[in-house]
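Note: the block below is start.tsv and it holds TSV, C-alpha atoms.
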chain	number	residue	atom	x	y	z
U	1	MET	CA	0.00	0.00	0.00
U	2	ASN	CA	2.85	2.38	0.78
U	3	TRP	CA	4.39	1.82	-2.66
U	4	LEU	CA	1.03	2.36	-4.38
U	5	VAL	CA	0.33	5.55	-2.38
U	6	GLY	CA	3.77	6.84	-3.38
U	7	LEU	CA	3.10	6.03	-7.05
U	8	MET	CA	-0.34	7.68	-6.85
U	9	PHE	CA	1.12	10.79	-5.27
U	10	ILE	CA	4.02	11.21	-7.72
U	11	THR	CA	1.99	10.67	-10.91
U	12	VAL	CA	-1.16	12.67	-10.14
U	13	VAL	CA	0.49	15.49	-8.19
U	14	GLY	CA	3.29	15.63	-10.78
U	15	SER	CA	0.72	16.08	-13.57
U	16	ALA	CA	-1.01	18.84	-11.58
U	17	ILE	CA	2.29	20.70	-11.10
U	18	VAL	CA	2.93	20.60	-14.86
U	19	VAL	CA	-0.45	22.22	-15.68
U	20	LEU	CA	-0.31	24.66	-12.74
U	21	PRO	CA	0.99	27.65	-14.79
U	22	ASP	CA	-2.14	27.46	-16.96
U	23	LEU	CA	-4.42	28.30	-14.02
U	24	ALA	CA	-3.60	32.02	-13.79
U	25	ASP	CA	-6.75	33.06	-15.70
U	26	ILE	CA	-9.18	30.87	-13.77
U	27	ILE	CA	-7.97	31.28	-10.18
U	28	ASP	CA	-11.41	32.65	-9.23
U	29	THR	CA	-12.83	29.14	-9.70
U	30	ALA	CA	-11.05	28.15	-6.49
U	31	ILE	CA	-13.92	29.62	-4.42
U	32	PRO	CA	-15.82	26.56	-3.10
U	33	THR	CA	-19.56	26.38	-3.83
U	34	LEU	CA	-22.22	23.68	-3.62
U	35	PRO	CA	-24.76	23.62	-6.47
U	36	GLU	CA	-28.39	23.23	-5.42
U	37	GLY	CA	-29.32	19.65	-4.62
U	38	SER	CA	-25.71	18.46	-4.42
U	39	LEU	CA	-25.50	18.06	-0.64
U	40	ILE	CA	-25.93	14.28	-0.78
U	41	TYR	CA	-23.01	14.10	-3.26
U	42	ALA	CA	-20.85	16.20	-0.92
U	43	LEU	CA	-21.70	13.88	1.97
U	44	GLY	CA	-20.87	10.92	-0.26
U	45	LEU	CA	-17.44	12.41	-1.00
U	46	ILE	CA	-16.77	13.03	2.69
U	47	GLY	CA	-17.89	9.52	3.57
U	48	GLY	CA	-15.92	7.94	0.73
U	49	VAL	CA	-12.69	9.92	1.01
U	50	GLY	CA	-11.95	11.30	4.45
U	51	GLY	CA	-14.50	9.96	6.88
U	52	SER	CA	-15.49	6.44	5.97
U	53	ILE	CA	-16.19	3.72	8.51
U	54	THR	CA	-12.88	2.15	7.47
U	55	MET	CA	-11.26	4.62	9.88
U	56	ALA	CA	-12.36	2.26	12.65
U	57	SER	CA	-9.83	-0.22	11.24
U	58	TYR	CA	-6.91	2.03	12.11
U	59	GLY	CA	-6.52	0.52	15.57
U	60	TYR	CA	-5.84	-2.91	14.10
U	61	TRP	CA	-3.04	-1.50	11.94
U	62	LEU	CA	-1.51	0.10	15.02
U	63	GLN	CA	-1.72	-3.31	16.63
U	64	GLU	CA	0.05	-4.92	13.66
U	65	ASN	CA	2.76	-2.28	13.91
U	66	LYS	CA	3.10	-2.88	17.67
U	67	TRP	CA	2.32	0.78	18.46
U	68	ASP	CA	0.97	0.27	21.95
U	69	GLY	CA	0.85	2.57	24.97
U	70	PRO	CA	1.00	6.35	25.61
U	71	SER	CA	4.56	6.61	24.24
U	72	PHE	CA	3.14	6.15	20.70
U	73	ILE	CA	0.47	8.88	20.92
U	74	LYS	CA	2.66	11.47	19.17
U	75	ALA	CA	3.61	8.97	16.47
U	76	VAL	CA	-0.07	8.15	15.85
U	77	ARG	CA	-0.99	11.83	15.60
U	78	PHE	CA	1.87	12.47	13.19
U	79	ASP	CA	0.91	9.42	11.12
U	80	SER	CA	-2.74	10.53	10.91
U	81	ALA	CA	-1.76	14.09	10.00
U	82	ILE	CA	0.50	12.91	7.18
U	83	ALA	CA	-2.29	10.65	5.84
U	84	TYR	CA	-4.80	13.52	5.67
U	85	ILE	CA	-2.27	15.97	4.24
U	86	VAL	CA	-1.39	13.51	1.44
U	87	THR	CA	-5.12	12.91	0.78
U	88	ALA	CA	-5.79	16.66	0.67
U	89	ILE	CA	-2.90	17.34	-1.74
U	90	PHE	CA	-4.03	14.46	-3.97
U	91	THR	CA	-7.63	15.78	-4.06
U	92	ILE	CA	-6.54	19.36	-4.74
U	93	SER	CA	-4.30	18.07	-7.55
U	94	LEU	CA	-7.32	16.43	-9.21
U	95	LEU	CA	-9.25	19.71	-8.91
U	96	ILE	CA	-6.34	21.58	-10.51
U	97	LEU	CA	-6.19	19.08	-13.38
U	98	GLY	CA	-9.92	19.38	-13.93
U	99	ALA	CA	-9.87	23.19	-13.85
U	100	ALA	CA	-6.87	23.42	-16.16
U	101	LEU	CA	-8.10	20.95	-18.80
U	102	LEU	CA	-11.92	21.13	-18.68
U	103	TYR	CA	-12.87	24.64	-17.52
U	104	GLY	CA	-14.50	26.63	-20.33
U	105	THR	CA	-14.50	23.70	-22.77
U	106	ASP	CA	-18.13	22.58	-22.17
U	107	THR	CA	-16.69	19.07	-21.74
U	108	THR	CA	-18.10	16.83	-19.02
U	109	ILE	CA	-16.80	13.49	-17.84
U	110	SER	CA	-18.53	10.71	-15.90
U	111	GLY	CA	-17.92	7.07	-15.09
U	112	GLU	CA	-14.86	4.97	-15.92
U	113	GLN	CA	-15.01	5.92	-19.60
U	114	GLY	CA	-14.90	9.58	-18.61
U	115	LEU	CA	-11.74	8.89	-16.65
U	116	VAL	CA	-10.09	7.38	-19.73
U	117	SER	CA	-11.24	10.36	-21.82
U	118	PHE	CA	-9.79	12.77	-19.27
U	119	ALA	CA	-6.46	10.91	-19.37
U	120	SER	CA	-6.49	11.22	-23.17
U	121	ILE	CA	-7.08	14.99	-22.92
U	122	LEU	CA	-4.13	15.21	-20.52
U	123	GLY	CA	-1.96	13.24	-22.94
U	124	ASN	CA	-2.95	15.43	-25.88
U	125	GLU	CA	-2.32	18.67	-24.01
U	126	LEU	CA	1.02	17.66	-22.49
U	127	ASN	CA	2.56	14.41	-23.69
U	128	PRO	CA	1.27	10.85	-24.27
U	129	THR	CA	3.43	9.75	-21.32
U	130	PHE	CA	1.24	11.79	-18.98
U	131	ARG	CA	-1.83	9.82	-20.09
U	132	TRP	CA	-0.33	6.59	-18.79
U	133	MET	CA	1.08	8.27	-15.71
U	134	PHE	CA	-2.36	9.59	-14.76
U	135	LEU	CA	-4.11	6.25	-15.38
U	136	LEU	CA	-1.44	4.41	-13.39
U	137	GLY	CA	-1.75	6.90	-10.54
U	138	PHE	CA	-5.53	6.64	-10.49
U	139	TRP	CA	-5.36	2.84	-10.54
U	140	SER	CA	-3.00	3.02	-7.56
U	141	ALA	CA	-5.44	5.28	-5.70
U	142	SER	CA	-8.33	2.88	-6.35
U	143	PHE	CA	-6.41	-0.27	-5.51
U	144	THR	CA	-5.02	1.08	-2.21
U	145	SER	CA	-8.63	1.77	-1.19
U	146	LEU	CA	-9.58	-1.82	-2.02
U	147	LEU	CA	-6.63	-3.21	-0.09
U	148	GLY	CA	-7.46	-1.03	2.92
U	149	VAL	CA	-11.08	-2.20	3.00
U	150	TRP	CA	-10.21	-5.87	2.44
U	151	ASN	CA	-7.73	-5.80	5.29
U	152	GLY	CA	-9.31	-3.36	7.73
U	153	VAL	CA	-13.03	-4.14	7.57
U	154	SER	CA	-12.30	-7.87	7.71
U	155	TYR	CA	-10.48	-7.17	10.98
U	156	LEU	CA	-13.61	-5.43	12.30
U	157	PHE	CA	-15.82	-8.38	11.39
U	158	ALA	CA	-13.41	-10.95	12.84
U	159	ASP	CA	-13.17	-8.97	16.09
U	160	PHE	CA	-16.97	-8.67	16.22
U	161	ILE	CA	-17.31	-12.47	15.91
U	162	ARG	CA	-14.61	-12.96	18.56
U	163	ILE	CA	-16.50	-10.75	21.02
U	164	VAL	CA	-19.98	-12.15	20.29
U	165	LYS	CA	-18.81	-15.77	20.58
U	166	LYS	CA	-16.54	-14.89	23.55
U	167	GLN	CA	-13.60	-16.55	21.87
U	168	THR	CA	-10.16	-16.42	23.48
U	169	ILE	CA	-8.32	-15.53	20.29
U	170	PRO	CA	-5.36	-13.13	20.68
U	171	LYS	CA	-5.95	-9.90	18.75
U	172	GLU	CA	-2.75	-10.38	16.77
U	173	LYS	CA	-4.17	-13.70	15.45
U	174	LEU	CA	-7.44	-12.23	14.11
U	175	SER	CA	-6.22	-12.25	10.50
U	176	GLU	CA	-5.77	-16.02	10.74
U	177	THR	CA	-9.37	-16.78	11.78
U	178	LYS	CA	-12.10	-18.27	9.57
U	179	ALA	CA	-14.27	-15.19	10.19
U	180	TYR	CA	-11.56	-12.91	8.78
U	181	ARG	CA	-11.05	-15.06	5.67
U	182	PHE	CA	-14.79	-15.42	5.12
U	183	TYR	CA	-15.24	-11.64	5.15
U	184	VAL	CA	-12.39	-11.08	2.70
U	185	LEU	CA	-14.25	-13.40	0.29
U	186	TRP	CA	-17.56	-11.69	1.08
U	187	LEU	CA	-16.08	-8.28	0.24
U	188	THR	CA	-14.58	-9.64	-2.97
U	189	PHE	CA	-17.21	-11.66	-4.81
U	190	PRO	CA	-20.83	-10.58	-3.97
U	191	PRO	CA	-20.15	-6.92	-4.96
U	192	MET	CA	-19.22	-8.19	-8.43
U	193	LEU	CA	-22.91	-9.03	-8.91
U	194	LEU	CA	-23.58	-5.29	-9.01
U	195	HIS	CA	-21.85	-5.26	-12.37
U	196	PHE	CA	-24.78	-7.17	-13.85
U	197	ILE	CA	-27.38	-4.59	-12.75
U	198	GLY	CA	-25.74	-1.74	-14.64
U	199	LYS	CA	-23.85	1.10	-13.02
U	200	PRO	CA	-25.09	1.45	-9.42
U	201	VAL	CA	-23.80	5.03	-9.01
U	202	GLY	CA	-26.73	5.89	-6.74
U	203	LEU	CA	-25.91	2.94	-4.49
U	204	ILE	CA	-22.27	4.01	-4.26
U	205	ILE	CA	-23.24	7.60	-3.37
U	206	ALA	CA	-25.75	6.35	-0.79
U	207	TYR	CA	-23.05	4.15	0.77
U	208	GLY	CA	-20.69	7.12	0.93
U	209	ALA	CA	-23.37	9.35	2.48
U	210	LEU	CA	-24.19	6.71	5.10
U	211	GLY	CA	-20.46	6.37	5.74
U	212	ALA	CA	-20.36	10.11	6.43
U	213	LEU	CA	-22.88	9.59	9.25
U	214	PHE	CA	-20.12	7.65	10.97
U	215	MET	CA	-18.21	10.93	11.44
U	216	PRO	CA	-20.39	12.48	14.21
U	217	PHE	CA	-20.48	9.13	16.00
U	218	LEU	CA	-16.68	8.95	15.83
U	219	SER	CA	-16.33	12.59	16.94
U	220	ILE	CA	-18.55	12.06	20.00
U	221	THR	CA	-16.64	8.89	20.92
U	222	LEU	CA	-13.27	10.63	20.55
U	223	LEU	CA	-14.41	13.62	22.61
U	224	TYR	CA	-15.21	11.23	25.43
U	225	LEU	CA	-12.23	8.87	25.16
U	226	LEU	CA	-9.50	11.46	24.48
U	227	ASN	CA	-10.57	13.66	27.41
U	228	SER	CA	-11.14	10.83	29.86
U	229	LYS	CA	-8.97	10.59	32.99
U	230	LYS	CA	-9.90	6.92	33.18
U	231	TYR	CA	-8.39	6.03	29.78
U	232	ILE	CA	-5.71	8.74	29.53
U	233	PRO	CA	-4.30	9.46	33.01
U	234	LEU	CA	-1.68	12.03	31.92
U	235	THR	CA	-3.06	15.51	31.16
U	236	GLU	CA	-0.47	16.20	28.43
U	237	ASP	CA	-1.64	13.12	26.48
U	238	ARG	CA	-5.29	14.23	26.38
U	239	ASN	CA	-6.87	16.34	23.66
U	240	GLY	CA	-6.07	20.04	23.52
U	241	LEU	CA	-8.51	22.90	22.96
U	242	ILE	CA	-7.99	22.96	19.18
U	243	SER	CA	-8.69	19.21	18.77
U	244	ASN	CA	-11.80	19.43	20.97
U	245	PHE	CA	-13.01	22.48	19.04
U	246	ILE	CA	-12.60	20.72	15.66
U	247	LEU	CA	-14.41	17.61	16.91
U	248	THR	CA	-17.27	19.75	18.26
U	249	ILE	CA	-17.57	21.62	14.96
U	250	SER	CA	-17.69	18.26	13.15
U	251	ILE	CA	-20.58	17.09	15.35
U	252	ILE	CA	-22.52	20.35	14.84
U	253	LEU	CA	-21.92	20.38	11.06
U	254	PHE	CA	-23.19	16.86	10.49
U	255	ALA	CA	-26.10	17.33	12.92
U	256	VAL	CA	-27.26	20.41	10.97
U	257	LEU	CA	-26.88	18.58	7.65
U	258	ALA	CA	-28.82	15.58	8.94
U	259	VAL	CA	-31.68	17.73	10.28
U	260	ASN	CA	-31.79	19.71	7.04
U	261	GLU	CA	-32.10	16.53	4.96
U	262	LEU	CA	-34.81	15.11	7.26
U	263	ILE	CA	-36.84	18.33	6.95
U	264	LYS	CA	-36.68	18.04	3.16
U	265	LEU	CA	-37.82	14.41	3.30
U	266	PHE	CA	-40.87	15.06	5.49
Show me this structure written as structure tokens.
Amino acid sequence: MNWLVGLMFITVVGSAIVVLPDLADIIDTAIPTLPEGSLIYALGLIGGVGGSITMASYGYWLQENKWDGPSFIKAVRFDSAIAYIVTAIFTISLLILGAALLYGTDTTISGEQGLVSFASILGNELNPTFRWMFLLGFWSASFTSLLGVWNGVSYLFADFIRIVKKQTIPKEKLSETKAYRFYVLWLTFPPMLLHFIGKPVGLIIAYGALGALFMPFLSITLLYLLNSKKYIPLTEDRNGLISNFILTISIILFAVLAVNELIKLF
């Protein structure tokens, strides 16, 4: 996954840097706006990119890496910060590429074919090499997501089974259990059936939007755990004012969005 993330970062961000000088005339497009009726899509993006339920898998990766105890708190915070910074730069790079190559051309792209068309435009504008670089980078981005879900969510399911059945399986052995292997297969093959019912874009967006609802739940849980004397005895290891403020804003934001959507429904 590290190699694929590196490849994704170099190819896509590299392409964005090359087209960056062409953005001087359209810098005003950088002002963020949400078109009417697009809130569910925005929630889907948040749920699919930065706030999916897969975040709950992070603890198992810390376990694999043997990051245990208060001495690793700074390392975990640094690791998380780097992950979100890389994600943000990658996303901004895609926006730059889109603005530089599509803005003012009346060209729209959608679906996997649109992605190939966009890569072709990039190759025509710059160099055919960039077409393959972009496609390779985007494949890396997609495949790292698949690997993360296969590995992380299967851990969640295996741990759930361990707790429900009250099994005495060491946490470091979860990936060797039948429950873990079953869920890897479950994540792999049944979703392929969706291919035969067309392009379930609506289903994907709905999944992402539901995933975004995980964010306020996570924020509330973190506010409690990371300020608890019971779980974090040392004051310096607990959340600071800035972290608590950001978590509170996250809860308020998603609560307002949820209420707004419910009002529209009823």
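Between atom CA of U:Asn127 and atom CA of U:Thr11 the separation is 13.3 Å.
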Q: Measuring atom to atom with only C-alpha atoms, identify which of U:Leu122, U:Ser71, U:Phe134, U:Thr108 is nearest to U:Ile232.
A: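 Among U:Leu122, U:Ser71, U:Phe134, U:Thr108, it is U:Ser71 that comes nearest to U:Ile232.
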**Q.** 12 Å contact set for U:Ile89, all atoms listed in the file, chain neighbours under 5 positions out, as a PyMOL selection string
**A.** chain U and resi 8-10+12-14+16-17+82-84+94-96
Q | Distance in Å - atom CA of U:Phe245 versus atom CA of U:Ser80 | A |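 Answer for the atom CA of U:Phe245 to atom CA of U:Ser80 separation: 17.7 Å.
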Q | atom CA of U:Ile121 to atom CA of U:Leu101, straight-line distance in Å | A |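 Atom CA of U:Ile121 lies at a distance of 7.3 Å from atom CA of U:Leu101.
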Q) From the list U:Ser15, U:Gln63, U:Thr235, U:Ser154, which residue is nearest U:Val76 when using all atoms listed in the file? A)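 Closest residue, counting all atoms listed in the file: U:Gln63.
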Q) Hey, which of U:Leu253, U:Leu234, U:Leu193, U:Leu156 ends up closest to U:Pro216? Count all atoms listed in the file. A) U:Leu253
Q) For U:Ser145, which residue among U:Leu102, U:Val5, U:Ile85, U:Leu174 is the nearest when counting all atoms listed in the file? A) U:Val5
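Of the listed residues U:Val86, U:Ala56, U:Leu97, U:Ile161, the one whose atoms come nearest to U:Val19 is U:Leu97, with distances taken using all atoms listed in the file.
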Q: Tell me, as a list in words, which residues lie within 10 Å of U:Arg238, counting only C-alpha atoms; anything in the same chain fewer than 3 positions away does not count.
A: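 The contact residues come out as Ile73, Leu223, Leu225, Leu226, Asn227, Ser228, Lys229, Tyr231, Ile232, Pro233, Leu234, Thr235, Leu241, Ser243 and Asn244 of chain U.
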Q) So, counting only C-alpha atoms, which residue among U:Glu172, U:Glu36, U:Asp68, U:Glu125 is closest to U:Ala100? A) U:Glu125
